[in-house]
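*Asks:* I am sharing start.pdb, which consists of PDB, C-alpha atoms:
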```pdb
ATOM      1  CA  MET H 258      40.399  10.803 -46.547  1.00  0.00           C
ATOM      2  CA  ALA H 259      42.337  13.134 -44.244  1.00  0.00           C
ATOM      3  CA  VAL H 260      39.108  14.885 -43.117  1.00  0.00           C
ATOM      4  CA  SER H 261      37.409  11.592 -42.233  1.00  0.00           C
ATOM      5  CA  LEU H 262      40.502  10.469 -40.279  1.00  0.00           C
ATOM      6  CA  TRP H 263      40.527  13.759 -38.338  1.00  0.00           C
ATOM      7  CA  ARG H 264      36.810  13.412 -37.521  1.00  0.00           C
ATOM      8  CA  ALA H 265      37.332   9.868 -36.240  1.00  0.00           C
ATOM      9  CA  ARG H 266      40.207  10.946 -33.989  1.00  0.00           C
ATOM     10  CA  ALA H 267      38.153  13.888 -32.607  1.00  0.00           C
ATOM     11  CA  ALA H 268      35.204  11.611 -31.832  1.00  0.00           C
ATOM     12  CA  SER H 269      37.417   9.060 -30.030  1.00  0.00           C
ATOM     13  CA  SER H 270      39.071  11.798 -27.913  1.00  0.00           C
ATOM     14  CA  ALA H 271      35.662  13.229 -26.956  1.00  0.00           C
ATOM     15  CA  LEU H 272      34.437   9.800 -25.849  1.00  0.00           C
ATOM     16  CA  SER H 273      37.539   9.194 -23.734  1.00  0.00           C
ATOM     17  CA  SER H 274      37.156  12.606 -22.018  1.00  0.00           C
ATOM     18  CA  LEU H 275      33.502  11.839 -21.230  1.00  0.00           C
ATOM     19  CA  ASP H 276      34.474   8.487 -19.726  1.00  0.00           C
ATOM     20  CA  THR H 277      37.067  10.106 -17.449  1.00  0.00           C
ATOM     21  CA  PHE H 278      34.566  12.804 -16.412  1.00  0.00           C
ATOM     22  CA  PHE H 279      31.885  10.281 -15.426  1.00  0.00           C
ATOM     23  CA  SER H 280      34.396   8.089 -13.573  1.00  0.00           C
ATOM     24  CA  ASN H 281      35.669  11.077 -11.561  1.00  0.00           C
ATOM     25  CA  ALA H 282      32.101  12.112 -10.746  1.00  0.00           C
ATOM     26  CA  LEU H 283      31.283   8.627  -9.481  1.00  0.00           C
ATOM     27  CA  ARG H 284      34.420   8.601  -7.322  1.00  0.00           C
ATOM     28  CA  LEU H 285      33.580  12.018  -5.833  1.00  0.00           C
ATOM     29  CA  ARG H 286      30.009  10.933  -5.090  1.00  0.00           C
ATOM     30  CA  SER H 287      31.130   7.752  -3.335  1.00  0.00           C
ATOM     31  CA  PHE H 288      33.702   9.715  -1.289  1.00  0.00           C
ATOM     32  CA  SER H 289      31.120  12.318  -0.193  1.00  0.00           C
ATOM     33  CA  SER H 290      28.674   9.579   0.811  1.00  0.00           C
ATOM     34  CA  ASP H 291      31.366   7.865   2.882  1.00  0.00           C
ATOM     35  CA  VAL H 292      32.214  11.149   4.618  1.00  0.00           C
ATOM     36  CA  ALA H 293      28.535  11.820   5.319  1.00  0.00           C
ATOM     37  CA  ASN H 294      28.067   8.343   6.772  1.00  0.00           C
ATOM     38  CA  THR H 295      31.078   8.725   9.062  1.00  0.00           C
ATOM     39  CA  ALA H 296      29.892  12.195  10.135  1.00  0.00           C
ATOM     40  CA  ASP H 297      26.406  10.895  10.890  1.00  0.00           C
ATOM     41  CA  SER H 298      27.810   8.051  12.983  1.00  0.00           C
ATOM     42  CA  ARG H 299      29.319  10.557  15.472  1.00  0.00           C
ATOM     43  CA  ASN H 300      27.394  13.093  17.499  1.00  0.00           C
ATOM     44  CA  PRO H 301      28.056  16.818  16.885  1.00  0.00           C
ATOM     45  CA  ARG H 302      30.133  17.233  20.047  1.00  0.00           C
ATOM     46  CA  GLU H 303      32.580  14.488  19.038  1.00  0.00           C
ATOM     47  CA  SER H 304      32.888  15.885  15.530  1.00  0.00           C
ATOM     48  CA  ILE H 305      33.677  19.375  16.907  1.00  0.00           C
ATOM     49  CA  MET H 306      36.214  17.943  19.353  1.00  0.00           C
ATOM     50  CA  ASN H 307      37.957  15.943  16.616  1.00  0.00           C
ATOM     51  CA  GLN H 308      37.982  18.953  14.328  1.00  0.00           C
ATOM     52  CA  MET H 309      39.604  21.109  17.023  1.00  0.00           C
ATOM     53  CA  MET H 310      42.068  18.364  17.953  1.00  0.00           C
ATOM     54  CA  TYR H 311      43.501  18.029  14.466  1.00  0.00           C
ATOM     55  CA  SER H 312      43.242  21.674  13.407  1.00  0.00           C
ATOM     56  CA  ASP H 313      45.197  24.739  14.426  1.00  0.00           C
ATOM     57  CA  ILE H 314      43.501  26.817  17.119  1.00  0.00           C
ATOM     58  CA  ASN H 315      44.154  29.979  15.086  1.00  0.00           C
ATOM     59  CA  SER H 316      41.752  28.698  12.439  1.00  0.00           C
ATOM     60  CA  GLN H 317      38.948  28.621  15.026  1.00  0.00           C
ATOM     61  CA  ILE H 318      39.267  32.293  16.100  1.00  0.00           C
ATOM     62  CA  GLY H 319      35.872  33.972  16.072  1.00  0.00           C
ATOM     63  CA  SER H 320      33.949  30.706  16.394  1.00  0.00           C
ATOM     64  CA  SER H 321      31.274  30.487  19.090  1.00  0.00           C
ATOM     65  CA  MET H 322      30.700  27.096  20.709  1.00  0.00           C
ATOM     66  CA  PRO H 323      29.960  25.528  24.115  1.00  0.00           C
ATOM     67  CA  LEU H 324      32.781  25.348  26.638  1.00  0.00           C
ATOM     68  CA  SER H 325      32.478  21.565  26.664  1.00  0.00           C
ATOM     69  CA  SER H 326      33.598  21.504  23.011  1.00  0.00           C
ATOM     70  CA  MET H 327      36.831  23.416  23.719  1.00  0.00           C
ATOM     71  CA  ARG H 328      40.143  22.203  25.104  1.00  0.00           C
ATOM     72  CA  ILE H 329      42.334  23.277  27.980  1.00  0.00           C
ATOM     73  CA  GLY H 330      44.329  26.483  27.479  1.00  0.00           C
ATOM     74  CA  THR H 331      41.944  28.001  24.928  1.00  0.00           C
ATOM     75  CA  ILE H 332      41.777  31.826  24.917  1.00  0.00           C
ATOM     76  CA  ILE H 333      38.122  32.929  24.906  1.00  0.00           C
ATOM     77  CA  HIS H 334      35.886  35.982  25.400  1.00  0.00           C
ATOM     78  CA  ASN H 335      32.172  36.904  25.447  1.00  0.00           C
ATOM     79  CA  ILE H 336      31.286  34.141  27.913  1.00  0.00           C
ATOM     80  CA  GLU H 337      27.771  33.225  29.003  1.00  0.00           C
ATOM     81  CA  LEU H 338      26.843  32.889  32.672  1.00  0.00           C
ATOM     82  CA  ASN H 339      23.768  30.732  32.036  1.00  0.00           C
ATOM     83  CA  PRO H 340      23.156  28.552  28.940  1.00  0.00           C
ATOM     84  CA  GLY H 341      21.302  30.516  26.280  1.00  0.00           C
ATOM     85  CA  GLN H 342      21.488  33.827  28.158  1.00  0.00           C
ATOM     86  CA  GLY H 343      24.003  35.523  25.869  1.00  0.00           C
ATOM     87  CA  GLY H 344      27.530  36.754  26.506  1.00  0.00           C
ATOM     88  CA  LYS H 345      28.030  38.560  29.821  1.00  0.00           C
ATOM     89  CA  LEU H 346      31.720  38.232  30.772  1.00  0.00           C
ATOM     90  CA  VAL H 347      34.973  39.426  29.131  1.00  0.00           C
ATOM     91  CA  ARG H 348      33.549  41.834  26.575  1.00  0.00           C
ATOM     92  CA  ALA H 349      35.718  44.936  27.059  1.00  0.00           C
ATOM     93  CA  ALA H 350      38.269  45.972  24.423  1.00  0.00           C
ATOM     94  CA  GLY H 351      41.451  43.882  24.405  1.00  0.00           C
ATOM     95  CA  THR H 352      40.354  41.450  27.145  1.00  0.00           C
ATOM     96  CA  ASN H 353      40.409  37.651  27.164  1.00  0.00           C
ATOM     97  CA  ALA H 354      39.944  34.701  29.497  1.00  0.00           C
ATOM     98  CA  LYS H 355      41.604  31.287  29.640  1.00  0.00           C
ATOM     99  CA  ILE H 356      40.321  27.763  30.254  1.00  0.00           C
ATOM    100  CA  LEU H 357      42.373  26.264  33.110  1.00  0.00           C
ATOM    101  CA  LYS H 358      40.956  22.731  33.299  1.00  0.00           C
ATOM    102  CA  ASP H 359      39.709  20.290  30.707  1.00  0.00           C
ATOM    103  CA  PRO H 360      35.994  21.182  30.292  1.00  0.00           C
ATOM    104  CA  THR H 361      34.661  17.622  30.469  1.00  0.00           C
ATOM    105  CA  ALA H 362      33.009  18.054  33.885  1.00  0.00           C
ATOM    106  CA  PRO H 363      29.623  19.795  34.330  1.00  0.00           C
ATOM    107  CA  TYR H 364      31.495  22.984  35.290  1.00  0.00           C
ATOM    108  CA  CYS H 365      34.522  24.576  33.623  1.00  0.00           C
ATOM    109  CA  LEU H 366      37.238  26.540  35.479  1.00  0.00           C
ATOM    110  CA  ILE H 367      38.049  29.845  33.746  1.00  0.00           C
ATOM    111  CA  GLU H 368      40.582  32.535  34.638  1.00  0.00           C
ATOM    112  CA  LEU H 369      39.134  36.015  34.131  1.00  0.00           C
ATOM    113  CA  PRO H 370      41.169  39.128  33.133  1.00  0.00           C
ATOM    114  CA  SER H 371      41.143  40.271  36.779  1.00  0.00           C
ATOM    115  CA  GLY H 372      42.952  37.076  37.810  1.00  0.00           C
ATOM    116  CA  ASP H 373      39.910  35.597  39.546  1.00  0.00           C
ATOM    117  CA  LYS H 374      38.985  31.995  38.803  1.00  0.00           C
ATOM    118  CA  LYS H 375      35.337  31.184  38.176  1.00  0.00           C
ATOM    119  CA  LEU H 376      33.399  27.955  37.647  1.00  0.00           C
ATOM    120  CA  ILE H 377      30.981  28.246  34.709  1.00  0.00           C
ATOM    121  CA  ASP H 378      28.506  25.731  33.340  1.00  0.00           C
ATOM    122  CA  SER H 379      30.116  23.745  30.514  1.00  0.00           C
ATOM    123  CA  ARG H 380      26.970  24.157  28.410  1.00  0.00           C
ATOM    124  CA  CYS H 381      27.538  27.928  28.222  1.00  0.00           C
ATOM    125  CA  ARG H 382      28.907  29.275  24.971  1.00  0.00           C
ATOM    126  CA  ALA H 383      31.951  31.467  24.411  1.00  0.00           C
ATOM    127  CA  THR H 384      33.890  32.899  21.479  1.00  0.00           C
ATOM    128  CA  ILE H 385      37.467  31.854  20.753  1.00  0.00           C
ATOM    129  CA  GLY H 386      40.069  34.628  20.595  1.00  0.00           C
ATOM    130  CA  VAL H 387      40.719  38.065  22.072  1.00  0.00           C
ATOM    131  CA  VAL H 388      38.449  41.112  21.871  1.00  0.00           C
ATOM    132  CA  SER H 389      39.721  43.604  19.316  1.00  0.00           C
ATOM    133  CA  ASN H 390      41.154  47.099  19.919  1.00  0.00           C
ATOM    134  CA  PRO H 391      43.660  46.244  22.686  1.00  0.00           C
ATOM    135  CA  SER H 392      45.065  49.800  22.652  1.00  0.00           C
ATOM    136  CA  HIS H 393      41.757  51.295  23.799  1.00  0.00           C
ATOM    137  CA  GLY H 394      43.072  51.862  27.339  1.00  0.00           C
ATOM    138  CA  ASP H 395      46.178  53.679  26.049  1.00  0.00           C
ATOM    139  CA  ARG H 396      44.167  56.474  24.433  1.00  0.00           C
ATOM    140  CA  LYS H 397      44.716  59.926  25.941  1.00  0.00           C
ATOM    141  CA  LEU H 398      42.116  62.668  25.905  1.00  0.00           C
ATOM    142  CA  ARG H 399      43.270  65.884  24.227  1.00  0.00           C
ATOM    143  CA  LYS H 400      41.314  68.318  26.403  1.00  0.00           C
ATOM    144  CA  ALA H 401      38.593  68.476  29.026  1.00  0.00           C
ATOM    145  CA  GLY H 402      35.881  68.729  26.410  1.00  0.00           C
ATOM    146  CA  HIS H 403      36.934  65.392  24.960  1.00  0.00           C
ATOM    147  CA  SER H 404      35.551  63.576  28.004  1.00  0.00           C
ATOM    148  CA  ARG H 405      32.283  65.521  27.598  1.00  0.00           C
ATOM    149  CA  TRP H 406      32.056  64.265  24.012  1.00  0.00           C
ATOM    150  CA  LEU H 407      32.158  60.747  25.424  1.00  0.00           C
ATOM    151  CA  GLY H 408      29.244  61.499  27.757  1.00  0.00           C
ATOM    152  CA  ARG H 409      31.258  61.757  30.970  1.00  0.00           C
ATOM    153  CA  ARG H 410      30.045  64.528  33.269  1.00  0.00           C
ATOM    154  CA  PRO H 411      32.255  66.222  35.887  1.00  0.00           C
ATOM    155  CA  VAL H 412      32.535  64.705  39.384  1.00  0.00           C
ATOM    156  CA  VAL H 413      32.528  67.263  42.236  1.00  0.00           C
ATOM    157  CA  ARG H 414      33.693  66.321  45.731  1.00  0.00           C
ATOM    158  CA  GLY H 415      31.157  66.534  48.504  1.00  0.00           C
ATOM    159  CA  VAL H 416      33.503  68.488  50.797  1.00  0.00           C
ATOM    160  CA  ALA H 417      33.660  71.224  48.165  1.00  0.00           C
ATOM    161  CA  MET H 418      29.882  71.749  48.278  1.00  0.00           C
ATOM    162  CA  ASN H 419      27.564  73.631  50.610  1.00  0.00           C
ATOM    163  CA  PRO H 420      25.636  71.852  53.386  1.00  0.00           C
ATOM    164  CA  VAL H 421      22.424  72.188  51.404  1.00  0.00           C
ATOM    165  CA  ASP H 422      23.912  70.218  48.514  1.00  0.00           C
ATOM    166  CA  HIS H 423      25.768  67.368  50.261  1.00  0.00           C
ATOM    167  CA  PRO H 424      26.173  65.910  53.785  1.00  0.00           C
ATOM    168  CA  HIS H 425      29.942  66.507  53.513  1.00  0.00           C
ATOM    169  CA  GLY H 426      29.519  70.172  52.638  1.00  0.00           C
ATOM    170  CA  GLY H 427      30.116  73.219  54.773  1.00  0.00           C
ATOM    171  CA  GLY H 428      32.519  73.830  57.651  1.00  0.00           C
ATOM    172  CA  GLU H 429      35.519  76.043  58.040  1.00  0.00           C
ATOM    173  CA  GLY H 430      38.464  75.112  55.840  1.00  0.00           C
ATOM    174  CA  LYS H 431      38.827  71.599  54.531  1.00  0.00           C
ATOM    175  CA  SER H 432      36.638  69.891  57.118  1.00  0.00           C
ATOM    176  CA  LYS H 433      36.149  66.171  56.638  1.00  0.00           C
ATOM    177  CA  SER H 434      33.120  64.098  57.392  1.00  0.00           C
ATOM    178  CA  GLY H 435      35.012  61.590  59.574  1.00  0.00           C
ATOM    179  CA  GLY H 436      36.569  62.050  62.988  1.00  0.00           C
ATOM    180  CA  LYS H 437      35.128  62.806  66.409  1.00  0.00           C
ATOM    181  CA  PHE H 438      32.288  65.087  65.363  1.00  0.00           C
ATOM    182  CA  GLY H 439      31.631  63.680  61.896  1.00  0.00           C
ATOM    183  CA  LYS H 440      28.992  61.251  60.732  1.00  0.00           C
ATOM    184  CA  GLY H 441      31.201  59.215  58.408  1.00  0.00           C
ATOM    185  CA  SER H 442      31.242  59.107  54.633  1.00  0.00           C
ATOM    186  CA  ARG H 443      27.770  59.392  53.190  1.00  0.00           C
ATOM    187  CA  THR H 444      26.044  59.564  49.852  1.00  0.00           C
ATOM    188  CA  PRO H 445      24.350  62.779  48.682  1.00  0.00           C
ATOM    189  CA  TRP H 446      21.129  61.267  50.077  1.00  0.00           C
ATOM    190  CA  GLY H 447      22.571  60.590  53.527  1.00  0.00           C
ATOM    191  CA  LYS H 448      23.221  56.828  53.456  1.00  0.00           C
ATOM    192  CA  PRO H 449      26.572  55.542  54.796  1.00  0.00           C
ATOM    193  CA  THR H 450      28.953  54.488  52.049  1.00  0.00           C
ATOM    194  CA  LYS H 451      31.623  52.507  53.897  1.00  0.00           C
ATOM    195  CA  GLY H 452      31.648  48.730  54.275  1.00  0.00           C
ATOM    196  CA  GLY H 453      29.404  46.986  56.769  1.00  0.00           C
ATOM    197  CA  TYR H 454      26.245  48.986  56.174  1.00  0.00           C
ATOM    198  CA  LYS H 455      23.578  46.911  54.436  1.00  0.00           C
ATOM    199  CA  THR H 456      21.535  48.891  51.936  1.00  0.00           C
ATOM    200  CA  GLY H 457      19.669  46.006  50.270  1.00  0.00           C
ATOM    201  CA  PRO H 458      16.163  44.783  51.151  1.00  0.00           C
ATOM    202  CA  LEU H 459      15.913  43.075  54.533  1.00  0.00           C
ATOM    203  CA  LYS H 460      15.573  39.297  54.538  1.00  0.00           C
ATOM    204  CA  ARG H 461      12.466  37.837  56.039  1.00  0.00           C
ATOM    205  CA  ARG H 462      13.083  36.042  59.324  1.00  0.00           C
ATOM    206  CA  ARG H 463      12.008  32.428  59.523  1.00  0.00           C
TER
END
```
Rewrite the coordinates I just gave you, this time as structure tokens.
*Replies:*
Amino acid sequence: MAVSLWRARAASSALSSLDTFFSNALRLRSFSSDVANTADSRNPRESIMNQMMYSDINSQIGSSMPLSSMRIGTIIHNIELNPGQGGKLVRAAGTNAKILKDPTAPYCLIELPSGDKKLIDSRCRATIGVVSNPSHGDRKLRKAGHSRWLGRRPVVRGVAMNPVDHPHGGGEGKSKSGGKFGKGSRTPWGKPTKGGYKTGPLKRRR
């Protein structure tokens, strides 16, 4: 008698647990379908904008998206110059840029690490956050050979060379290339280096 009563109670408890499981599954399925329908009703740009509006910006660090999907004041890096070209700007260690105006127009105003302000196509992509290793510029080289390990070769002044090696070479004492009898600062190949001298290809006259 006691065994049959125990079996009946176990069967009733198993049936009740199954009923609760199936009811929870149906509720979860209906909720996911509602969320999918609401997500499909909006375009991807609106969904990204709403997600960024109601979420903390720190949770988006490392995400790459178009500038038009970001908001004003966002700290970014690895910025494209042309859509689909790949990141070209703000890629050095510890650098970042800032969006100054709301990127709803065709062009977005961005402040670069140098302080310059640049208009960039809003379709270009960028990554949210700051480039890692901000202490890269604070590193000190231990000895002269350390710079050679990094692939940096020595730089010798032209005035310290002989005339056969550089246009600035030769002369008695520390003679300079400028002045009354000089030819001005020049490259090792003889081209003027100061501003105003055009070294690019000549434009065709119309």
*Asks:* Could you check which of H:Asn339, H:Ser371, H:Thr384, H:Thr352 is closest to H:Met327, using only C-alpha atoms?
*Replies:*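 The answer is H:Thr384, which sits nearest to H:Met327.
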*Asks:* Could you write out as a PyMOL selection string the residues that the PyMOL selection byres ((chain H and resi 355) around 7) matches in the shown file?
*Replies:* chain H and resi 330-333+353-354+356-357+367-369
*Asks:* On this structure, the PyMOL selection byres ((chain H and resi 416) around 12) would catch which residues? List them as a ChimeraX atom specification, sorted by chain and number.
*Replies:* /H:413-415,417-435,442-445
*Asks:* Would you export the selected residues with C-alpha atoms as a PDB file, keeping the file's coordinate frame, please?
*Replies:*
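Listing of out33.pdb after writing:
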```
ATOM      1  CA  VAL H 413      32.528  67.263  42.236  1.00  0.00           C
ATOM      2  CA  ARG H 414      33.693  66.321  45.731  1.00  0.00           C
ATOM      3  CA  GLY H 415      31.157  66.534  48.504  1.00  0.00           C
ATOM      4  CA  ALA H 417      33.660  71.224  48.165  1.00  0.00           C
ATOM      5  CA  MET H 418      29.882  71.749  48.278  1.00  0.00           C
ATOM      6  CA  ASN H 419      27.564  73.631  50.610  1.00  0.00           C
ATOM      7  CA  PRO H 420      25.636  71.852  53.386  1.00  0.00           C
ATOM      8  CA  VAL H 421      22.424  72.188  51.404  1.00  0.00           C
ATOM      9  CA  ASP H 422      23.912  70.218  48.514  1.00  0.00           C
ATOM     10  CA  HIS H 423      25.768  67.368  50.261  1.00  0.00           C
ATOM     11  CA  PRO H 424      26.173  65.910  53.785  1.00  0.00           C
ATOM     12  CA  HIS H 425      29.942  66.507  53.513  1.00  0.00           C
ATOM     13  CA  GLY H 426      29.519  70.172  52.638  1.00  0.00           C
ATOM     14  CA  GLY H 427      30.116  73.219  54.773  1.00  0.00           C
ATOM     15  CA  GLY H 428      32.519  73.830  57.651  1.00  0.00           C
ATOM     16  CA  GLU H 429      35.519  76.043  58.040  1.00  0.00           C
ATOM     17  CA  GLY H 430      38.464  75.112  55.840  1.00  0.00           C
ATOM     18  CA  LYS H 431      38.827  71.599  54.531  1.00  0.00           C
ATOM     19  CA  SER H 432      36.638  69.891  57.118  1.00  0.00           C
ATOM     20  CA  LYS H 433      36.149  66.171  56.638  1.00  0.00           C
ATOM     21  CA  SER H 434      33.120  64.098  57.392  1.00  0.00           C
ATOM     22  CA  GLY H 435      35.012  61.590  59.574  1.00  0.00           C
ATOM     23  CA  SER H 442      31.242  59.107  54.633  1.00  0.00           C
ATOM     24  CA  ARG H 443      27.770  59.392  53.190  1.00  0.00           C
ATOM     25  CA  THR H 444      26.044  59.564  49.852  1.00  0.00           C
ATOM     26  CA  PRO H 445      24.350  62.779  48.682  1.00  0.00           C
TER      27      PRO H 445
END
```
*Asks:* Please measure the separation of atom CA of H:Pro323 and atom CA of H:Pro370, giving the value in Å to one decimal.
*Replies:*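 Taking atom CA of H:Pro323 as the start and atom CA of H:Pro370 as the end point, the length is 19.8 Å.
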*Asks:* With all atoms listed in the file as the atoms that count, which of H:Cys381, H:Val387, H:Leu407, H:Leu338 lies nearest to H:Gly319?
*Replies:* H:Val387
*Asks:* Which neighbours of H:Leu366 fall inside 7 Å, counting only C-alpha atoms, when residues of the same chain fewer than 4 positions from it are skipped, and could you give them as a list of chain:residue names?
*Replies:*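 Close residues of H:Leu366: H:Ile356, H:Leu357, H:Lys358, H:Lys374, H:Lys375, H:Leu376, H:Ile377.
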*Asks:* For stretch 367-383 of chain H, what centre and edge lengths in Å (one decimal) does the axis-aligned box get once 8 Å is added on each side of all its listed atoms, as AutoDock Vina command-line options?
*Replies:*
```
--center_x 35.0 --center_y 32.0 --center_z 32.0 --size_x 32.0 --size_y 32.5 --size_z 31.1
```
*Asks:* Hey, can you check how far atom CA of H:Gly343 sits from atom CA of H:Ser320?
*Replies:* 14.6 Å
*Asks:* One number please: atom CA of H:Ile336 to atom CA of H:Arg382, in Å, one decimal.
*Replies:* 6.2 Å
*Asks:* Using all atoms listed in the file, find the one residue out of H:Gly453, H:Gly386, H:Gly351, H:Pro360 that sits nearest to H:His334.
*Replies:*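 Of H:Gly453, H:Gly386, H:Gly351, H:Pro360, the one nearest H:His334, counting all atoms listed in the file, is H:Gly386.
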*Asks:* Using only C-alpha atoms, which of the listed residues (H:Asp378, H:Pro363, H:Gln317, H:Ser325) sits closest to H:Glu337?
*Replies:*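 Closest to H:Glu337, using only C-alpha atoms: H:Asp378.
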